[in-house]
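Below: the structure, in structure tokens.
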Amino acid sequence: MDFKLAALKLTSGQMKDVLTSRSGMTFGGTLFQRAWVQGTLVAEIKKGYFYLDDGTGITELQLSNEHFLRNWKIGMYVMVVGLLVMRTGESPLIRVHKMVDLSGSPDREAMWYLEVIEAYKLFYDLSFEE
């Protein structure tokens, strides 16, 4: 994984437009390998696997061994960064290398959507419908 490439702030709904290539993935012409998403843990599929719902869709999370030590619970609002894996006929998967519980942060969800819009306007230079 090339850590020089920034983790792209995405919503689950935007992942359907991600294109895969040998060097990584692109979204709106921006090359990336890691995704940064935020949302609510809605189901534990099996040990170390969760579904995250960000209001635009569902993303599957695969936790690394270091994250097994935390007591992740359904209903937590989390920030996740990791390798995005696009799968045919299934929801996208993120192999998590960073996960933070943001449940105690007021206005966390509203702020996240504003961050995504701002990132696209400032850094990715993509048109973003508000």
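Starting from 1 in every chain, residues are counted up; chains themselves are A, B, ... following the order of the structure tokens, and ligands are numbered from 1 as listed.
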
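All residues of protein, DNA or RNA that reach within 6 Å of A:Trp36, judged by only C-alpha atoms and not counting those fewer than 5 positions away in the chain, are Ala7, Leu8, Lys9, Val80 and Val81 of chain A.
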
Atoms to include: C-alpha atoms. Write the selected residues as a CSV table (one decimal), in the first residue's frame.
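Contents of selection31.csv, freshly written:
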chain,number,residue,atom,x,y,z
A,7,ALA,CA,-7.1,8.4,2.3
A,8,LEU,CA,-10.0,9.7,0.2
A,9,LYS,CA,-13.0,10.9,2.2
A,80,VAL,CA,-12.6,4.4,9.8
A,81,VAL,CA,-9.5,4.5,7.6

Could you name the residues that touch A:His97 at 10 Å or less, counting only C-alpha atoms, but leaving out those on the same chain fewer than 3 positions away, as a PDB file with N, CA and C atoms, in the first residue's frame?
ATOM      1  N   ARG A  34      -6.675   4.042  -0.017  1.00  0.00           N
ATOM      2  CA  ARG A  34      -7.361   3.964   1.270  1.00  0.00           C
ATOM      3  C   ARG A  34      -8.563   4.892   1.273  1.00  0.00           C
ATOM      4  N   GLN A  62     -13.501  -4.940   8.004  1.00  0.00           N
ATOM      5  CA  GLN A  62     -12.706  -6.073   8.474  1.00  0.00           C
ATOM      6  C   GLN A  62     -11.643  -5.509   9.400  1.00  0.00           C
ATOM      7  N   LEU A  63     -11.789  -5.758  10.695  1.00  0.00           N
ATOM      8  CA  LEU A  63     -10.874  -5.200  11.684  1.00  0.00           C
ATOM      9  C   LEU A  63      -9.554  -5.961  11.702  1.00  0.00           C
ATOM     10  N   SER A  64      -8.460  -5.244  11.937  1.00  0.00           N
ATOM     11  CA  SER A  64      -7.163  -5.880  12.120  1.00  0.00           C
ATOM     12  C   SER A  64      -7.076  -6.390  13.555  1.00  0.00           C
ATOM     13  N   ASN A  65      -6.087  -7.222  13.832  1.00  0.00           N
ATOM     14  CA  ASN A  65      -5.951  -7.830  15.157  1.00  0.00           C
ATOM     15  C   ASN A  65      -5.886  -6.803  16.279  1.00  0.00           C
ATOM     16  N   GLU A  66      -5.231  -5.666  16.037  1.00  0.00           N
ATOM     17  CA  GLU A  66      -5.096  -4.657  17.094  1.00  0.00           C
ATOM     18  C   GLU A  66      -6.444  -4.058  17.494  1.00  0.00           C
ATOM     19  N   HIS A  67      -7.426  -4.118  16.611  1.00  0.00           N
ATOM     20  CA  HIS A  67      -8.736  -3.567  16.916  1.00  0.00           C
ATOM     21  C   HIS A  67      -9.644  -4.545  17.656  1.00  0.00           C
ATOM     22  N   VAL A  80     -13.359   5.547  10.294  1.00  0.00           N
ATOM     23  CA  VAL A  80     -12.605   4.390   9.828  1.00  0.00           C
ATOM     24  C   VAL A  80     -11.722   4.796   8.656  1.00  0.00           C
ATOM     25  N   VAL A  81     -10.460   4.354   8.693  1.00  0.00           N
ATOM     26  CA  VAL A  81      -9.544   4.519   7.563  1.00  0.00           C
ATOM     27  C   VAL A  81      -8.946   3.157   7.260  1.00  0.00           C
ATOM     28  N   GLY A  82      -8.907   2.794   5.982  1.00  0.00           N
ATOM     29  CA  GLY A  82      -8.316   1.512   5.619  1.00  0.00           C
ATOM     30  C   GLY A  82      -8.350   1.275   4.125  1.00  0.00           C
ATOM     31  N   LEU A  83      -7.805   0.143   3.747  1.00  0.00           N
ATOM     32  CA  LEU A  83      -7.738  -0.260   2.347  1.00  0.00           C
ATOM     33  C   LEU A  83      -9.142  -0.585   1.841  1.00  0.00           C
ATOM     34  N   ILE A  94     -13.770  -2.496   3.752  1.00  0.00           N
ATOM     35  CA  ILE A  94     -12.591  -1.740   4.166  1.00  0.00           C
ATOM     36  C   ILE A  94     -11.807  -2.585   5.152  1.00  0.00           C
TER      37      ILE A  94
END
